[in-house]
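Colleague: Please find structure.txt (compact mmCIF, C-alpha atoms) on the next line:
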# COMPACT_ATOMS: atom_id res chain seq x y z
CA MET A 1053 8.24 8.75 -7.11
CA LEU A 1054 6.70 10.12 -3.93
CA THR A 1055 7.85 13.72 -3.55
CA LYS A 1056 9.09 15.56 -0.50
CA ARG A 1057 6.58 18.04 0.86
CA ILE A 1058 7.01 21.75 1.58
CA VAL A 1059 4.63 22.80 4.33
CA PRO A 1060 4.09 26.45 5.29
CA CYS A 1061 2.69 26.94 8.78
CA LEU A 1062 0.24 29.72 9.59
CA ASP A 1063 -0.11 30.84 13.19
CA ILE A 1064 -3.71 31.70 13.96
CA LYS A 1065 -5.09 33.78 16.81
CA ASP A 1066 -8.80 34.53 17.13
CA GLY A 1067 -9.29 33.38 13.54
CA ARG A 1068 -6.62 35.71 12.14
CA THR A 1069 -3.07 35.15 10.88
CA VAL A 1070 -0.66 36.33 13.55
CA LYS A 1071 2.33 37.12 11.41
CA GLY A 1072 0.26 38.65 8.66
CA VAL A 1073 2.71 40.45 6.47
CA ASN A 1074 3.49 42.22 3.30
CA PHE A 1075 2.38 39.97 0.49
CA VAL A 1076 1.49 42.51 -2.13
CA GLU A 1077 -1.17 40.17 -3.46
CA LEU A 1078 -3.00 40.19 -0.15
CA ARG A 1079 -5.97 42.42 0.34
CA ASP A 1080 -6.16 41.44 3.98
CA ALA A 1081 -2.83 40.38 5.46
CA GLY A 1082 -4.56 38.89 8.49
CA ASP A 1083 -6.88 36.62 6.56
CA PRO A 1084 -5.62 33.03 6.79
CA VAL A 1085 -7.75 31.92 3.86
CA GLU A 1086 -6.20 34.42 1.49
CA LEU A 1087 -2.70 33.59 2.64
CA ALA A 1088 -3.44 29.87 2.30
CA ALA A 1089 -4.63 30.37 -1.27
CA ILE A 1090 -1.45 32.22 -2.17
CA TYR A 1091 0.75 29.52 -0.67
CA SER A 1092 -1.22 26.93 -2.59
CA GLU A 1093 -0.69 28.82 -5.85
CA GLN A 1094 3.03 29.10 -5.14
CA GLY A 1095 3.22 25.32 -4.90
CA ALA A 1096 2.89 24.54 -1.20
CA ASP A 1097 2.18 20.81 -0.85
CA GLU A 1098 0.22 21.05 2.38
CA LEU A 1099 -0.61 23.66 4.97
CA VAL A 1100 -0.58 23.64 8.75
CA PHE A 1101 -2.75 26.00 10.78
CA LEU A 1102 -1.54 26.34 14.33
CA ASP A 1103 -4.12 27.92 16.61
CA ILE A 1104 -2.57 29.87 19.45
CA THR A 1105 -5.81 31.42 20.67
CA ALA A 1106 -5.81 31.51 24.44
CA THR A 1107 -9.48 31.48 25.39
CA VAL A 1108 -11.90 28.62 24.88
CA GLU A 1109 -14.64 31.01 23.85
CA LYS A 1110 -12.64 32.42 20.97
CA ARG A 1111 -11.42 28.97 19.92
CA LYS A 1112 -14.84 28.39 18.41
CA THR A 1113 -13.76 30.73 15.63
CA LEU A 1114 -11.32 28.01 14.58
CA VAL A 1115 -14.07 25.70 13.32
CA ASP A 1116 -15.50 28.51 11.20
CA LEU A 1117 -12.06 29.24 9.84
CA VAL A 1118 -11.50 25.57 8.98
CA LYS A 1119 -14.76 25.56 7.03
CA ARG A 1120 -13.69 28.62 5.04
CA VAL A 1121 -10.27 27.13 4.30
CA ALA A 1122 -11.77 23.79 3.26
CA ARG A 1123 -14.20 25.51 0.91
CA GLU A 1124 -11.55 27.53 -0.84
CA VAL A 1125 -8.24 25.66 -0.71
CA ASN A 1126 -7.67 22.59 -2.86
CA ILE A 1127 -4.62 21.12 -1.11
CA PRO A 1128 -4.57 19.18 2.17
CA PHE A 1129 -4.26 20.96 5.49
CA THR A 1130 -3.66 20.09 9.12
CA VAL A 1131 -5.04 21.94 12.11
CA GLY A 1132 -3.29 21.96 15.47
CA GLY A 1133 -3.08 23.84 18.73
CA GLY A 1134 -4.89 23.04 21.95
CA ILE A 1135 -6.74 19.98 20.63
CA GLY A 1136 -7.57 17.78 23.59
CA SER A 1137 -10.56 15.57 22.94
CA LYS A 1138 -12.42 13.38 20.48
CA GLU A 1139 -15.05 16.12 20.26
CA ASP A 1140 -12.46 18.71 19.20
CA VAL A 1141 -11.16 16.37 16.51
CA SER A 1142 -14.61 15.44 15.29
CA ALA A 1143 -15.58 19.12 14.93
CA LEU A 1144 -12.43 20.01 12.99
CA LEU A 1145 -12.51 17.00 10.65
CA GLY A 1146 -16.23 17.55 10.16
CA ALA A 1147 -15.52 21.14 9.16
CA GLY A 1148 -13.17 19.88 6.45
CA ALA A 1149 -9.68 19.62 7.99
CA ASP A 1150 -7.72 16.74 6.45
CA LYS A 1151 -5.66 16.05 9.54
CA VAL A 1152 -5.41 17.26 13.11
CA SER A 1153 -2.27 17.50 15.15
CA ILE A 1154 -2.19 16.83 18.87
CA ASN A 1155 0.66 17.65 21.19
CA SER A 1156 0.29 18.36 24.93
CA ALA A 1157 -2.91 16.32 25.18
CA ALA A 1158 -1.10 13.24 23.90
CA VAL A 1159 1.60 13.62 26.53
CA ARG A 1160 -1.02 14.11 29.24
CA ASN A 1161 -3.02 11.13 28.04
CA PRO A 1162 -1.16 8.86 25.60
CA GLY A 1163 -4.27 6.69 25.24
CA LEU A 1164 -5.85 9.57 23.36
CA VAL A 1165 -3.65 8.72 20.35
CA ASN A 1166 -5.05 5.17 20.26
CA GLU A 1167 -8.56 6.44 20.72
CA LEU A 1168 -8.36 9.05 17.97
CA SER A 1169 -6.60 6.71 15.56
CA LEU A 1170 -9.26 4.03 15.98
CA GLU A 1171 -12.10 6.48 15.69
CA PHE A 1172 -10.92 8.62 12.78
CA GLY A 1173 -8.15 6.58 11.11
CA ALA A 1174 -4.40 6.86 11.58
CA GLN A 1175 -3.98 8.90 8.40
CA CYS A 1176 -5.53 12.00 9.93
CA ILE A 1177 -3.85 11.90 13.34
CA VAL A 1178 -0.57 13.80 13.47
CA VAL A 1179 1.35 13.84 16.73
CA ALA A 1180 3.38 17.03 17.16
CA ILE A 1181 6.48 16.72 19.31
CA ASP A 1182 8.37 19.75 20.62
CA SER A 1183 11.84 18.62 21.56
CA LYS A 1184 14.69 20.31 23.39
CA TYR A 1185 18.15 19.04 24.27
CA VAL A 1186 18.56 19.11 28.05
CA ASP A 1187 21.52 17.63 29.98
CA GLY A 1188 22.53 15.31 27.17
CA LYS A 1189 19.00 14.16 26.34
CA HIS A 1190 16.37 15.12 23.78
CA LEU A 1191 13.30 15.74 25.92
CA VAL A 1192 9.66 16.32 24.99
CA HIS A 1193 8.27 19.73 25.97
CA THR A 1194 4.59 20.67 26.13
CA HIS A 1195 2.42 23.78 26.15
CA GLY A 1196 4.08 25.43 23.21
CA GLY A 1197 7.47 24.31 24.46
CA ARG A 1198 7.19 26.04 27.82
CA THR A 1199 6.83 22.97 30.00
CA PRO A 1200 9.62 20.37 30.11
CA THR A 1201 8.86 16.70 30.68
CA ASP A 1202 11.17 13.79 31.44
CA ILE A 1203 10.00 11.91 28.35
CA GLU A 1204 12.72 11.20 25.80
CA THR A 1205 11.84 12.38 22.30
CA ILE A 1206 12.96 9.34 20.30
CA GLY A 1207 11.18 6.84 22.53
CA TRP A 1208 8.06 8.99 22.53
CA ALA A 1209 8.02 9.16 18.72
CA LYS A 1210 8.15 5.36 18.57
CA GLU A 1211 5.45 5.06 21.23
CA VAL A 1212 2.98 7.32 19.43
CA GLU A 1213 3.60 5.44 16.18
CA ASP A 1214 2.78 2.19 17.99
CA ARG A 1215 -0.33 3.84 19.42
CA GLY A 1216 -1.57 4.68 15.94
CA ALA A 1217 -0.26 8.10 14.92
CA GLY A 1218 -0.21 8.53 11.15
CA GLU A 1219 2.54 11.12 11.04
CA ILE A 1220 5.00 12.94 13.31
CA LEU A 1221 5.55 16.69 13.29
CA LEU A 1222 8.91 17.08 14.97
CA THR A 1223 9.90 20.57 16.09
CA SER A 1224 13.37 21.12 17.43
CA MET A 1225 13.16 23.96 19.94
CA ASP A 1226 16.95 24.19 19.87
CA HIS A 1227 16.80 25.05 16.19
CA ASP A 1228 13.47 26.89 16.05
CA GLY A 1229 13.98 30.59 15.41
CA THR A 1230 17.74 30.27 14.86
CA LYS A 1231 17.58 30.13 11.05
CA GLY A 1232 20.63 27.90 11.34
CA GLY A 1233 19.11 24.81 9.73
CA PHE A 1234 16.89 21.91 10.79
CA ALA A 1235 17.79 19.35 13.46
CA ASN A 1236 19.00 16.85 10.87
CA THR A 1237 20.56 14.26 13.14
CA LEU A 1238 17.55 13.94 15.42
CA THR A 1239 15.16 13.98 12.48
CA ALA A 1240 17.11 11.25 10.66
CA THR A 1241 17.24 9.08 13.78
CA ILE A 1242 13.47 9.27 14.18
CA SER A 1243 12.74 8.91 10.46
CA ASP A 1244 14.89 5.75 10.31
CA LEU A 1245 13.25 4.30 13.40
CA LEU A 1246 9.65 4.85 12.31
CA THR A 1247 7.59 3.58 9.39
CA ILE A 1248 5.30 6.65 9.36
CA PRO A 1249 6.26 9.98 7.72
CA VAL A 1250 8.14 12.65 9.67
CA ILE A 1251 7.68 16.39 9.11
CA ALA A 1252 10.73 18.36 10.26
CA SER A 1253 10.20 21.79 11.75
CA GLY A 1254 12.36 24.48 13.27
CA GLY A 1255 15.48 26.20 11.99
CA ALA A 1256 14.82 26.89 8.31
CA GLY A 1257 16.88 29.91 7.28
CA ASN A 1258 17.82 29.33 3.66
CA MET A 1259 17.17 26.99 0.76
CA VAL A 1260 20.15 24.75 1.46
CA HIS A 1261 18.63 23.92 4.84
CA PHE A 1262 15.73 22.27 3.03
CA THR A 1263 18.03 20.21 0.83
CA ASP A 1264 19.89 19.13 3.97
CA VAL A 1265 16.79 18.12 5.90
CA PHE A 1266 15.59 15.94 3.01
CA THR A 1267 18.98 14.28 2.52
CA GLU A 1268 20.87 14.20 5.83
CA GLY A 1269 17.68 14.60 7.88
CA LYS A 1270 15.72 11.99 5.87
CA ALA A 1271 12.56 14.02 6.46
CA ASP A 1272 9.44 13.32 4.43
CA ALA A 1273 8.29 16.92 4.68
CA ALA A 1274 9.67 20.22 5.93
CA LEU A 1275 7.68 22.88 7.70
CA ALA A 1276 8.52 26.55 8.09
CA ALA A 1277 6.64 29.70 9.03
CA SER A 1278 8.48 32.99 9.15
CA ILE A 1279 10.76 32.56 6.13
CA PHE A 1280 7.69 32.06 3.97
CA HIS A 1281 5.62 34.74 5.70
CA TYR A 1282 8.32 37.34 5.38
CA LYS A 1283 9.04 36.24 1.81
CA GLU A 1284 12.66 35.49 2.57
CA ILE A 1285 12.13 32.37 0.53
CA ALA A 1286 9.50 31.99 -2.18
CA ILE A 1287 8.07 28.48 -2.31
CA ASP A 1288 8.25 28.19 -6.09
CA GLU A 1289 11.93 29.20 -6.12
CA LEU A 1290 12.70 26.85 -3.26
CA LYS A 1291 11.14 23.97 -5.15
CA MET A 1292 13.17 24.71 -8.28
CA LYS A 1293 16.33 24.75 -6.19
CA LEU A 1294 15.42 21.44 -4.53
CA GLN A 1295 14.72 19.85 -7.88
CA GLY A 1296 18.12 21.07 -9.07
CA ASP A 1297 19.65 19.38 -6.04
CA GLY A 1298 18.11 16.08 -7.09
CA ILE A 1299 15.33 16.05 -4.51
CA ALA A 1300 12.02 14.55 -5.69
CA ILE A 1301 9.64 17.48 -5.57
CA ARG A 1302 6.32 18.45 -7.14
CA ILE A 1303 6.78 21.38 -9.52
CA MET B 232 -26.47 18.69 -13.67
CA LYS B 233 -27.47 16.41 -10.82
CA VAL B 234 -24.48 14.92 -9.03
CA ALA B 235 -24.99 12.41 -6.23
CA VAL B 236 -22.30 11.72 -3.64
CA ILE B 237 -22.97 8.38 -1.99
CA ARG B 238 -23.56 8.75 1.72
CA TYR B 239 -22.20 5.90 3.82
CA ASN B 240 -19.99 5.37 6.86
CA ALA B 241 -16.81 6.72 5.29
CA GLY B 242 -15.03 9.84 6.45
CA ASN B 243 -13.71 12.90 4.69
CA VAL B 244 -16.59 13.30 2.28
CA GLN B 245 -16.93 16.99 3.05
CA SER B 246 -13.85 17.85 1.01
CA VAL B 247 -15.37 16.18 -2.07
CA VAL B 248 -18.53 18.24 -1.61
CA TYR B 249 -16.45 21.43 -1.33
CA ALA B 250 -14.41 20.51 -4.41
CA LEU B 251 -17.61 20.07 -6.42
CA GLU B 252 -18.94 23.37 -5.09
CA ARG B 253 -15.74 25.07 -6.28
CA LEU B 254 -16.66 23.80 -9.75
CA GLY B 255 -20.11 25.31 -9.43
CA VAL B 256 -21.92 22.05 -8.71
CA THR B 257 -24.01 21.56 -5.60
CA PRO B 258 -24.01 17.80 -5.08
CA LEU B 259 -26.61 15.74 -3.25
CA TRP B 260 -25.00 13.79 -0.42
CA THR B 261 -27.39 10.92 -0.14
CA ASP B 262 -28.04 7.20 0.42
CA ASP B 263 -31.47 7.37 -1.15
CA HIS B 264 -31.67 4.79 -3.94
CA GLU B 265 -33.97 6.74 -6.22
CA THR B 266 -31.93 9.94 -5.92
CA ILE B 267 -28.72 8.09 -6.72
CA LYS B 268 -30.27 6.20 -9.66
CA SER B 269 -31.63 9.37 -11.21
CA ALA B 270 -28.41 11.40 -10.87
CA ASP B 271 -26.43 12.35 -13.99
CA LYS B 272 -23.16 11.51 -12.26
CA VAL B 273 -22.42 9.53 -9.12
CA ILE B 274 -19.37 9.95 -6.90
CA PHE B 275 -18.33 7.24 -4.46
CA PRO B 276 -15.68 8.81 -2.22
CA GLY B 277 -14.38 8.32 1.27
CA GLN B 278 -11.79 7.17 3.69
CA GLY B 279 -12.26 4.26 5.99
CA GLU B 280 -11.94 0.56 6.61
CA ALA B 281 -13.03 -1.88 3.90
CA SER B 282 -14.99 -4.48 5.91
CA THR B 283 -17.05 -1.98 7.92
CA ALA B 284 -17.72 0.05 4.77
CA MET B 285 -18.87 -3.02 2.80
CA ALA B 286 -21.06 -4.21 5.70
CA TYR B 287 -22.73 -0.81 5.78
CA LEU B 288 -23.30 -0.77 2.01
CA ARG B 289 -24.78 -4.30 2.05
CA GLU B 290 -27.13 -3.51 4.93
CA ARG B 291 -28.65 -0.70 2.89
CA GLY B 292 -28.60 -2.49 -0.45
CA LEU B 293 -26.19 0.12 -1.77
CA ASP B 294 -23.82 -2.60 -2.98
CA GLN B 295 -26.31 -3.88 -5.56
CA LEU B 296 -27.39 -0.37 -6.40
CA ILE B 297 -23.83 0.76 -7.21
CA VAL B 298 -22.91 -2.18 -9.45
CA ASN B 299 -26.11 -1.69 -11.45
CA LEU B 300 -25.70 2.02 -12.07
CA LYS B 301 -25.63 3.03 -15.75
CA GLN B 302 -24.47 6.67 -15.54
CA PRO B 303 -20.79 7.59 -15.03
CA VAL B 304 -19.65 6.63 -11.54
CA LEU B 305 -16.38 7.86 -10.01
CA GLY B 306 -14.82 6.06 -7.04
CA ILE B 307 -12.24 8.01 -5.04
CA CYS B 308 -9.71 6.53 -2.58
CA ILE B 309 -11.49 3.77 -0.67
CA GLY B 310 -14.21 4.06 -3.30
CA LEU B 311 -11.71 2.61 -5.80
CA GLN B 312 -10.76 -0.18 -3.42
CA LEU B 313 -14.39 -1.11 -2.70
CA MET B 314 -15.06 -1.32 -6.45
CA CYS B 315 -12.45 -4.10 -6.73
CA GLY B 316 -13.08 -7.81 -6.17
CA HIS B 317 -11.52 -8.40 -2.79
CA SER B 318 -9.51 -6.49 -0.21
CA GLU B 319 -6.91 -7.83 2.19
CA GLU B 320 -8.20 -5.22 4.63
CA GLY B 321 -10.45 -7.28 6.90
CA ASP B 322 -10.42 -10.07 4.23
CA THR B 323 -13.35 -8.34 2.55
CA LYS B 324 -15.35 -9.30 -0.50
CA CYS B 325 -15.95 -6.05 -2.34
CA LEU B 326 -18.21 -4.93 -5.19
CA GLY B 327 -16.32 -6.75 -7.93
CA ILE B 328 -16.67 -4.13 -10.65
CA PHE B 329 -12.94 -4.41 -11.30
CA ASP B 330 -11.56 -7.94 -11.05
CA LEU B 331 -8.61 -6.93 -8.89
CA GLU B 332 -7.15 -7.68 -5.51
CA VAL B 333 -6.53 -4.87 -2.99
CA ARG B 334 -3.39 -5.48 -0.95
CA LYS B 335 -1.56 -3.85 1.94
CA PHE B 336 1.72 -2.13 1.15
CA VAL B 337 4.74 -3.95 2.54
CA SER B 338 7.60 -1.59 3.32
CA ARG B 339 11.09 -2.19 2.03
CA GLN B 340 14.33 -0.28 1.67
CA SER B 341 14.29 2.21 -1.19
CA THR B 342 16.55 1.17 -4.05
CA THR B 343 17.41 4.73 -5.05
CA GLY B 344 17.75 6.50 -1.71
CA ASN B 345 19.10 5.68 1.67
CA THR B 346 15.67 5.44 3.24
CA LYS B 347 12.90 2.93 3.60
CA TYR B 348 9.42 3.37 2.20
CA LYS B 349 6.97 4.79 4.72
CA ILE B 350 3.42 3.54 5.13
CA PRO B 351 0.89 5.07 4.57
CA HIS B 352 1.89 6.28 1.11
CA MET B 353 1.28 9.91 2.01
CA GLY B 354 1.93 12.91 -0.21
CA TRP B 355 2.16 13.89 -3.86
CA ASN B 356 3.07 11.34 -6.48
CA ARG B 357 2.67 11.11 -10.23
CA LEU B 358 -0.23 9.41 -11.96
CA GLU B 359 1.44 7.97 -15.06
CA ASN B 360 0.39 6.21 -18.25
CA CYS B 361 -2.98 7.93 -18.00
CA GLU B 362 -5.53 6.93 -20.61
CA GLY B 363 -9.01 8.20 -21.30
CA LYS B 364 -11.17 11.27 -21.26
CA ILE B 365 -10.97 11.94 -17.55
CA PHE B 366 -7.26 12.69 -17.99
CA SER B 367 -7.68 14.89 -21.03
CA GLY B 368 -5.35 17.91 -20.88
CA LEU B 369 -3.13 16.32 -18.24
CA ASN B 370 0.32 14.84 -18.56
CA ASN B 371 1.46 12.59 -15.71
CA PRO B 372 -0.17 14.86 -13.13
CA TYR B 373 0.90 15.00 -9.51
CA VAL B 374 -1.92 13.93 -7.22
CA TYR B 375 -2.24 13.64 -3.45
CA TYR B 376 -2.24 10.17 -1.91
CA VAL B 377 -2.99 8.90 1.60
CA HIS B 378 -3.43 5.13 1.72
CA SER B 379 -1.98 1.90 3.07
CA PHE B 380 -3.77 -0.46 0.66
CA TYR B 381 -3.53 -0.46 -3.13
CA ALA B 382 -5.17 -2.19 -6.08
CA ASP B 383 -3.07 -4.44 -8.31
CA LYS B 384 -2.51 -3.52 -11.92
CA GLY B 385 -4.87 -5.19 -14.39
CA ASP B 386 -6.75 -4.92 -17.68
CA ASP B 387 -8.87 -2.03 -16.38
CA THR B 388 -5.90 0.02 -15.19
CA VAL B 389 -5.84 3.41 -16.93
CA GLY B 390 -3.18 5.10 -14.80
CA THR B 391 -0.38 3.83 -12.61
CA THR B 392 1.59 5.23 -9.71
CA ASP B 393 4.88 3.86 -8.48
CA TYR B 394 5.30 3.47 -4.75
CA ILE B 395 7.12 0.36 -3.51
CA LEU B 396 5.68 -1.13 -6.70
CA PRO B 397 3.53 0.13 -9.59
CA PHE B 398 -0.15 -0.04 -8.61
CA SER B 399 -3.49 1.02 -10.13
CA GLY B 400 -3.78 4.76 -9.65
CA ALA B 401 -6.82 4.86 -11.92
CA LEU B 402 -9.29 2.30 -13.26
CA HIS B 403 -11.96 2.38 -15.94
CA LYS B 404 -14.50 -0.13 -17.18
CA ASP B 405 -17.72 0.78 -18.99
CA ASN B 406 -19.36 3.57 -16.98
CA PHE B 407 -17.18 3.01 -13.92
CA TYR B 408 -14.15 5.18 -13.19
CA ALA B 409 -11.96 5.21 -10.11
CA VAL B 410 -8.91 7.03 -8.78
CA GLN B 411 -6.90 6.11 -5.69
CA ALA B 412 -5.66 9.66 -5.05
CA HIS B 413 -7.61 12.35 -3.29
CA ILE B 414 -8.23 14.32 -6.46
CA GLU B 415 -10.45 16.69 -4.46
CA LYS B 416 -7.28 17.78 -2.64
CA SER B 417 -4.87 17.59 -5.57
CA GLY B 418 -4.66 21.22 -6.60
CA THR B 419 -5.59 22.34 -10.10
CA ASP B 420 -4.71 18.99 -11.73
CA GLY B 421 -7.06 17.17 -9.38
CA GLN B 422 -9.72 19.72 -10.14
CA LYS B 423 -9.20 19.07 -13.85
CA ILE B 424 -9.80 15.32 -13.41
CA LEU B 425 -13.02 16.09 -11.55
CA THR B 426 -14.08 18.56 -14.24
CA ASN B 427 -13.34 16.02 -16.97
CA PHE B 428 -15.48 13.46 -15.16
CA LEU B 429 -18.37 15.90 -14.83
CA GLU B 430 -18.09 16.60 -18.57
CA LEU B 431 -18.25 12.93 -19.62
Show how you would write the structure in this file as structure tokens.
Modeller:
Amino acid sequence: MLTKRIVPCLDIKDGRTVKGVNFVELRDAGDPVELAAIYSEQGADELVFLDITATVEKRKTLVDLVKRVAREVNIPFTVGGGIGSKEDVSALLGAGADKVSINSAAVRNPGLVNELSLEFGAQCIVVAIDSKYVDGKHLVHTHGGRTPTDIETIGWAKEVEDRGAGEILLTSMDHDGTKGGFANTLTATISDLLTIPVIASGGAGNMVHFTDVFTEGKADAALAASIFHYKEIAIDELKMKLQGDGIAIRI
Amino acid sequence: MKVAVIRYNAGNVQSVVYALERLGVTPLWTDDHETIKSADKVIFPGQGEASTAMAYLRERGLDQLIVNLKQPVLGICIGLQLMCGHSEEGDTKCLGIFDLEVRKFVSRQSTTGNTKYKIPHMGWNRLENCEGKIFSGLNNPYVYYVHSFYADKGDDTVGTTDYILPFSGALHKDNFYAVQAHIEKSGTDGQKILTNFLEL
């Protein structure tokens, strides 16, 4: 049986982990490659690297980082953050990324999804959607969630699937940072509507939240950052708990 | 040991090269016939579309070269599909090493859960009923899949995975081996399969 995926997310700035913390095993808390290797050993199913580097000049460090990760880590990983062109995607996939995730650029130019999917294959094109509930509607937000649009989240998810996205990374900004659980209703609506996998993100605070997002939320994968970084939840323990709850999981 | 990775128009070959390097092997990524023929082991990896891949292989005579290889050959992902007889993807005649049809997954409602099967089949799933040396030391390992087409089960099937229906997760005939999963991205169990192949 296909298992549900647990996906830790690493925020990267200038080639370093932003929330580098107190893993005792780490020699260098800011080194994304070391952190990635530890997550992999703990049983992470995939990794996401989200680049939040501001300047174009320093973004070049991302390609070098991707090469280092690809050399050392033997599970799949996705790279996202500021990707806007075929050239960006080509460089990252060429460096060894398994998938790339695009967000604002897809909203700006929806045709980019078609273009990337045709060129590189749907399986490696993830469309990230940041969604916030505004005046009774779930609306897409761009630029790290700072800029609202008038595009409705559910319709947009369907549109990018039709345009050739291979996967959706759905972040609920209403839930993100609250530690109150994932946006299960919205996630389930989108997961039911689409035939491609949906990764739920935003709101993980305890282990039960993961069980809920895989059952009520019908998510194919669940992403979290801080609870893994700050060791509030260990991935191996989480997976044992999920298995105990009857969720198909890789142990 | 000389390991050749066949160079053609398929993506995501870099991760196979890195996986081999992690095992201490520096492979030759090449389309040169003599280099491939003289290698101890040949790996036929990749991601891509069947008809364009086959057209590329035929243009360069790599199709005939591959089927006539005598050393152990390992197809990975689309490599497995191209080693079959025919693929529904682009209605493509393939290499015919394994007399099997490659079909597109058709989604349906899951019988056990309240969800429908997603396509592509993406994520970790078990490789079951594994037979043969390349699975030595492994018991129904979890491996990482990303694919929308699958090979039917047949006489050469040496491992099955269940998604929508049971399909050929691994094939073996004479010196030809193939796995549908991305074993180069399948953690330590994937690494073990690759090691076992290199030790054949």
Colleague: To one decimal in Å, tell me the separation between CA of Leu1144 in chain A and CA of Val1115 in chain A.
Modeller: 5.9 Å
Colleague: With only C-alpha atoms as the counted atoms, please give the residues lying no more than 10 Å from Arg334 in chain B, apart from itself and same-chain residues fewer than 3 positions off, as a list of chain:residue names.
Modeller: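 So the residues in contact are B:Gln312, B:His317, B:Ser318, B:Glu319, B:Glu320, B:Asp322, B:Leu331, B:Val337, B:Ser379, B:Phe380, B:Tyr381, B:Ala382, B:Asp383, B:Phe398.
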Colleague: Give me the residues within 6 Å of range 1270-1287 of chain A as a list in words, counting all atoms listed in the file and dropping any in the same chain fewer than 5 places off.
Modeller: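 Returned residues: Lys1056, Arg1057, Ile1058, Val1059, Pro1060, Cys1061, Gln1094, Ala1240, Pro1249, Val1250, Ile1251, Ala1252, Ser1253 and Val1265 of chain A.
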Colleague: Per residue of chain B within 7 Å of chain A, record the nearest atom pair and its distance in Å to one decimal, counting only C-alpha atoms, with rows in chain order and ascending residue number, as JSON lines.
Modeller:
{"residue": "B:Gln245", "atom": "CA", "partner": "A:Gly1148", "partner_atom": "CA", "distance": 5.8}
{"residue": "B:Ser246", "atom": "CA", "partner": "A:Gly1148", "partner_atom": "CA", "distance": 5.8}
{"residue": "B:Tyr249", "atom": "CA", "partner": "A:Arg1123", "partner_atom": "CA", "distance": 5.2}
{"residue": "B:Gly279", "atom": "CA", "partner": "A:Gly1173", "partner_atom": "CA", "distance": 7.0}
{"residue": "B:Lys349", "atom": "CA", "partner": "A:Thr1247", "partner_atom": "CA", "distance": 4.9}
{"residue": "B:Ile350", "atom": "CA", "partner": "A:Ile1248", "partner_atom": "CA", "distance": 5.6}
{"residue": "B:Pro351", "atom": "CA", "partner": "A:Ile1248", "partner_atom": "CA", "distance": 6.7}
{"residue": "B:Gly354", "atom": "CA", "partner": "A:Leu1054", "partner_atom": "CA", "distance": 6.7}
{"residue": "B:Trp355", "atom": "CA", "partner": "A:Thr1055", "partner_atom": "CA", "distance": 5.7}
{"residue": "B:Asn356", "atom": "CA", "partner": "A:Leu1054", "partner_atom": "CA", "distance": 4.6}
{"residue": "B:Arg357", "atom": "CA", "partner": "A:Met1053", "partner_atom": "CA", "distance": 6.8}
{"residue": "B:Tyr373", "atom": "CA", "partner": "A:Arg1302", "partner_atom": "CA", "distance": 6.8}
{"residue": "B:Val377", "atom": "CA", "partner": "A:Gln1175", "partner_atom": "CA", "distance": 6.9}
{"residue": "B:Asp393", "atom": "CA", "partner": "A:Met1053", "partner_atom": "CA", "distance": 6.1}
{"residue": "B:Tyr394", "atom": "CA", "partner": "A:Met1053", "partner_atom": "CA", "distance": 6.5}
{"residue": "B:Glu415", "atom": "CA", "partner": "A:Asn1126", "partner_atom": "CA", "distance": 6.7}
{"residue": "B:Lys416", "atom": "CA", "partner": "A:Ile1127", "partner_atom": "CA", "distance": 4.5}
{"residue": "B:Ser417", "atom": "CA", "partner": "A:Ile1127", "partner_atom": "CA", "distance": 5.7}
{"residue": "B:Gly418", "atom": "CA", "partner": "A:Asn1126", "partner_atom": "CA", "distance": 5.0}
Colleague: Using only C-alpha atoms, determine which residues lie at most 12 Å from Asp1226 in chain A, disregarding the query and same-chain residues fewer than 4 positions distant; provide the list as a ChimeraX atom specification.
Modeller: /A:1182-1186,1190-1193,1197,1222,1230-1236,1238,1253-1255
Colleague: Using all atoms listed in the file, which protein or nucleic acid residues come within 12 Å of range 1159-1169 of chain A? Drop anything in the same chain fewer than 5 positions from it, and give the result as number ranges by chain.
Modeller: A: 1135-1142, 1145, 1151-1154, 1174-1182, 1191-1195, 1199-1205, 1208-1209, 1211-1220; B: 279
Colleague: Quick one: pull the distance between CA of Leu358 in chain B and CA of Asn370 in chain B, Å, one decimal.
Modeller: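 Those two atoms sit 8.6 Å apart.
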Colleague: Could you tell me, as a VMD selection string, which residues have any atom at most 12 Å from (-21.7, 6.6, -6.5), counting only C-alpha atoms?
Modeller: chain B and resid 234 to 239 258 to 264 266 to 277 288 293 to 307 310 to 311 313 to 314 406 to 409
Colleague: So that I can check the surroundings of Lys1293 in chain A, please list as an NGL selection string every protein, DNA and RNA residue that reaches within 9 Å of it, counting all atoms listed in the file and ignoring chain neighbours fewer than 5 positions away.
Modeller: :A and (1259-1260 or 1263 or 1288 or 1298-1299)
Colleague: CA of Lys335 in chain B to CA of Tyr287 in chain B: how many Å, to one decimal?
Modeller: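 Between CA of Lys335 in chain B and CA of Tyr287 in chain B the gap works out to 21.7 Å.
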